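J.: Dropping the structure in here first, questions after.
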Amino acid sequence: MKVKPLKRMQRQMVLCMLCSNCSATCCSFKARGWESYTPRARVVMSRFFSEGGFADPAPFAERLFACTMCRECDVTCDAGFSPWELFQSARAELWASGAAPSALKPFNDAIKEAGNPFAFNKEARGDWATRAGNMLATDNKNLLFAGCIPAFKQGDALAKIARAYHAMGKPLSVIPGSRELCCGLPALDSGNVDLFNDRMAANIKAILDLAPERVVFACPSCYSFVKEHYGKESTEFGKIPLVFFTDDVIEGIHANRLKVKGFDSETLVSYHDPCHLGRFTRLWDSPRDIIKAVPNARYLELDNCKEHTACCGAGGQMMVTNPADNKAIADKRVGEAVEKNAAVLVNTCFTCQDTLQGAAFRVAEDLDVVHILDLVDV
């Protein structure tokens, strides 16, 4: 992929500077409360940066990388363009000039050298599969793209997904050995477009070599960015159906091939749309339908939901660059569920899960934050 040079986005930046509609919904602005952390201010500074106006770009970089890249500003933009695309371009130019936050370098080095942002042994990526036993297939009809966090940190969850697909008569196959690499999102969020393109090309080749009928995703972020970018890079890859696992799971429930766990008594349950699933791919229904199928679950919609979902705070590599803002944004999101008197907050993203669980521990210990897989009985 290529990002547009900032100098080619002058008209869009001028239109943006005449408005500030998206500031009211910007989660990083809410966390800081300073005008310079609004999307409009970031656009103004991006224009100034593109004209060589900063002798020291560090203050601009700090504000640009204090953005969760959640894309809410795109949804609310009255100027008819994508601030998110502009911020991506600005991050790319900061990275290329060596002005991106230094905290991002170790993660990018790890993606380059080990194929994952944690610097874990890439040969161990598929170790989780031993927990799935004989539930996996080798026919590649339903090829799983596991993702870094699930593969290295949530192996039990992946094994549960494998059991669910086996029960549905759609056993999963896996990309062998270390051939599956990071999808590239952390690199792209860092502005490291070359590394993103390198990881993308390697993953496309690994998947095409296996000739799958479908590719199934366990991670919303991997699903979103593979869906948005990989097909543009490879026409052949673009012909492969890409599926997020909840779409199959609800079909399995409706077909009585999968069961859900019920609550002992009526329980108020809300759902947190991960940005990459709810806003980027507009996949809204299947997670909600799974929750509504749970006995004694009374579903409550959060005010900020679907295309206007509120970020958990972990997007845009905020856990690396701005951990304090990350926590403040997460606390506000959990507060929305508390205001609804929800007893359970369900999500479909392992990163959101960890982030919101931490927030619940800080501000709402009575709120149970669970992954949607916890509702499926396999």
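Chains: A, B, ... in order of the structure tokens. Residues: from 1 per chain. Ligands: from 1, in order shown.
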Quick one: contact table of range 13-71 of chain A to range 269-291 of chain A, 10 Å max, nearest atom pair and distance in Å to one decimal per residue, counting only C-alpha atoms, chain and number order, as a tab-separated table?
T.:
residue	atom	partner	partner_atom	distance
A:Thr68	CA	A:Cys275	CA	9.7
A:Met69	CA	A:Cys275	CA	9.1
A:Cys70	CA	A:Cys275	CA	5.8
A:Arg71	CA	A:Arg279	CA	7.4
J.: Could you dump the residues just selected with C-alpha atoms as a PDB file, in the first residue's frame?
T.:
ATOM      1  CA  THR A  68      -6.247   6.085  19.081  1.00  0.00           C
ATOM      2  CA  MET A  69      -6.762   6.011  15.289  1.00  0.00           C
ATOM      3  CA  CYS A  70     -10.311   4.881  16.066  1.00  0.00           C
ATOM      4  CA  ARG A  71     -11.773   6.579  12.960  1.00  0.00           C
TER       5      ARG A  71
END
J.: So that I can see what lies close to Glu51 in chain A, please list as a VMD selection string the residues with an atom at most 12 Å from it, counting only C-alpha atoms and leaving out residues fewer than 2 positions away in the same chain.
T.: chain A and resid 5 to 10 44 to 49 53 to 55 57
J.: Produce a file of the selected residues containing N, CA and C atoms, as a PDB file, in the first residue's frame.
T.:
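Heads up, here's the output in out_28.pdb:
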ATOM      1  N   PRO A   5       1.096  11.656   0.222  1.00  0.00           N
ATOM      2  CA  PRO A   5       1.904  12.702   0.856  1.00  0.00           C
ATOM      3  C   PRO A   5       0.987  13.790   1.418  1.00  0.00           C
ATOM      4  N   LEU A   6       1.361  14.327   2.552  1.00  0.00           N
ATOM      5  CA  LEU A   6       0.539  15.371   3.174  1.00  0.00           C
ATOM      6  C   LEU A   6       0.328  16.559   2.244  1.00  0.00           C
ATOM      7  N   LYS A   7       1.313  16.876   1.416  1.00  0.00           N
ATOM      8  CA  LYS A   7       1.199  18.044   0.541  1.00  0.00           C
ATOM      9  C   LYS A   7       0.102  17.882  -0.496  1.00  0.00           C
ATOM     10  N   ARG A   8      -0.320  16.635  -0.742  1.00  0.00           N
ATOM     11  CA  ARG A   8      -1.399  16.401  -1.696  1.00  0.00           C
ATOM     12  C   ARG A   8      -2.774  16.456  -1.027  1.00  0.00           C
ATOM     13  N   MET A   9      -2.799  16.786   0.253  1.00  0.00           N
ATOM     14  CA  MET A   9      -4.066  16.798   0.983  1.00  0.00           C
ATOM     15  C   MET A   9      -4.381  18.192   1.512  1.00  0.00           C
ATOM     16  N   GLN A  10      -3.836  19.206   0.862  1.00  0.00           N
ATOM     17  CA  GLN A  10      -4.001  20.577   1.336  1.00  0.00           C
ATOM     18  C   GLN A  10      -5.476  21.015   1.357  1.00  0.00           C
ATOM     19  N   VAL A  44      -4.444  20.810  11.586  1.00  0.00           N
ATOM     20  CA  VAL A  44      -3.745  22.087  11.455  1.00  0.00           C
ATOM     21  C   VAL A  44      -2.238  21.875  11.605  1.00  0.00           C
ATOM     22  N   MET A  45      -1.851  21.115  12.626  1.00  0.00           N
ATOM     23  CA  MET A  45      -0.423  20.865  12.844  1.00  0.00           C
ATOM     24  C   MET A  45       0.173  20.028  11.719  1.00  0.00           C
ATOM     25  N   SER A  46      -0.612  19.109  11.153  1.00  0.00           N
ATOM     26  CA  SER A  46      -0.123  18.305  10.028  1.00  0.00           C
ATOM     27  C   SER A  46       0.182  19.193   8.832  1.00  0.00           C
ATOM     28  N   ARG A  47      -0.683  20.169   8.589  1.00  0.00           N
ATOM     29  CA  ARG A  47      -0.435  21.100   7.484  1.00  0.00           C
ATOM     30  C   ARG A  47       0.830  21.909   7.738  1.00  0.00           C
ATOM     31  N   PHE A  48       0.973  22.381   8.952  1.00  0.00           N
ATOM     32  CA  PHE A  48       2.163  23.162   9.314  1.00  0.00           C
ATOM     33  C   PHE A  48       3.419  22.298   9.159  1.00  0.00           C
ATOM     34  N   PHE A  49       3.326  21.037   9.575  1.00  0.00           N
ATOM     35  CA  PHE A  49       4.446  20.098   9.457  1.00  0.00           C
ATOM     36  C   PHE A  49       4.807  19.863   7.996  1.00  0.00           C
ATOM     37  N   GLY A  53       7.168  23.715   8.892  1.00  0.00           N
ATOM     38  CA  GLY A  53       7.015  24.769   9.885  1.00  0.00           C
ATOM     39  C   GLY A  53       7.550  24.450  11.262  1.00  0.00           C
ATOM     40  N   PHE A  54       7.857  23.178  11.537  1.00  0.00           N
ATOM     41  CA  PHE A  54       8.337  22.815  12.874  1.00  0.00           C
ATOM     42  C   PHE A  54       9.853  22.664  12.864  1.00  0.00           C
ATOM     43  N   ALA A  55      10.533  23.498  13.656  1.00  0.00           N
ATOM     44  CA  ALA A  55      11.968  23.293  13.834  1.00  0.00           C
ATOM     45  C   ALA A  55      12.207  22.004  14.609  1.00  0.00           C
ATOM     46  N   PRO A  57       9.813  18.738  15.558  1.00  0.00           N
ATOM     47  CA  PRO A  57       8.482  18.143  15.392  1.00  0.00           C
ATOM     48  C   PRO A  57       8.012  17.317  16.583  1.00  0.00           C
TER      49      PRO A  57
END
J.: Hey, which bits of range 255-321 of chain A sit within 9 Å of range 98-121 of chain A, and for each residue what's the closest pair of atoms and how far apart in Å (one decimal), counting only C-alpha atoms, rows by chain and increasing number, as a tab-separated table?
T.:
residue	atom	partner	partner_atom	distance
A:Gln317	CA	A:Leu104	CA	8.1
A:Val320	CA	A:Ala103	CA	6.5
A:Thr321	CA	A:Ala103	CA	6.5
J.: Can you measure CA of Leu210 in chain A to CA of Asn192 in chain A for me? One decimal in Å is fine.
T.: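 The value is 28.0 Å.
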J.: Per residue of range 22-134 of chain A within 7 Å of range 153-161 of chain A, record the nearest atom pair and its distance in Å to one decimal, counting only C-alpha atoms, with rows in chain order and ascending residue number, as JSON lines.
T.:
{"residue": "A:Trp128", "atom": "CA", "partner": "A:Gly155", "partner_atom": "CA", "distance": 4.7}
{"residue": "A:Ala129", "atom": "CA", "partner": "A:Ala159", "partner_atom": "CA", "distance": 6.7}
{"residue": "A:Arg131", "atom": "CA", "partner": "A:Ala159", "partner_atom": "CA", "distance": 5.9}
{"residue": "A:Ala132", "atom": "CA", "partner": "A:Ala159", "partner_atom": "CA", "distance": 4.8}
J.: Rounded to one decimal in Å, what is the spacing between CA of Asp303 in chain A and CA of Ala66 in chain A?
T.: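 Between CA of Asp303 in chain A and CA of Ala66 in chain A the gap is 24.1 Å.
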J.: Name the residues in contact with Arg63 in chain A at a cut-off of 9 Å, using only C-alpha atoms, excluding same-chain residues fewer than 5 positions from it; report them as a ChimeraX atom specification.
T.: /A:36-38,42,58
J.: Could you pull the residues within 12 Å of Gly238 in chain A, counting only C-alpha atoms, minus those fewer than 6 positions along the same chain, as a PyMOL selection string?
T.: chain A and resi 204+207-208+214-215+226-232
J.: Using DSSP on the backbone, list every residue of range 30-178 of chain A that comes out as alpha helix (DSSP H), and give them as number ranges by chain.
T.: A: 30-32, 39-50, 58-64, 72-76, 83-96, 105-114, 148-153, 155-167
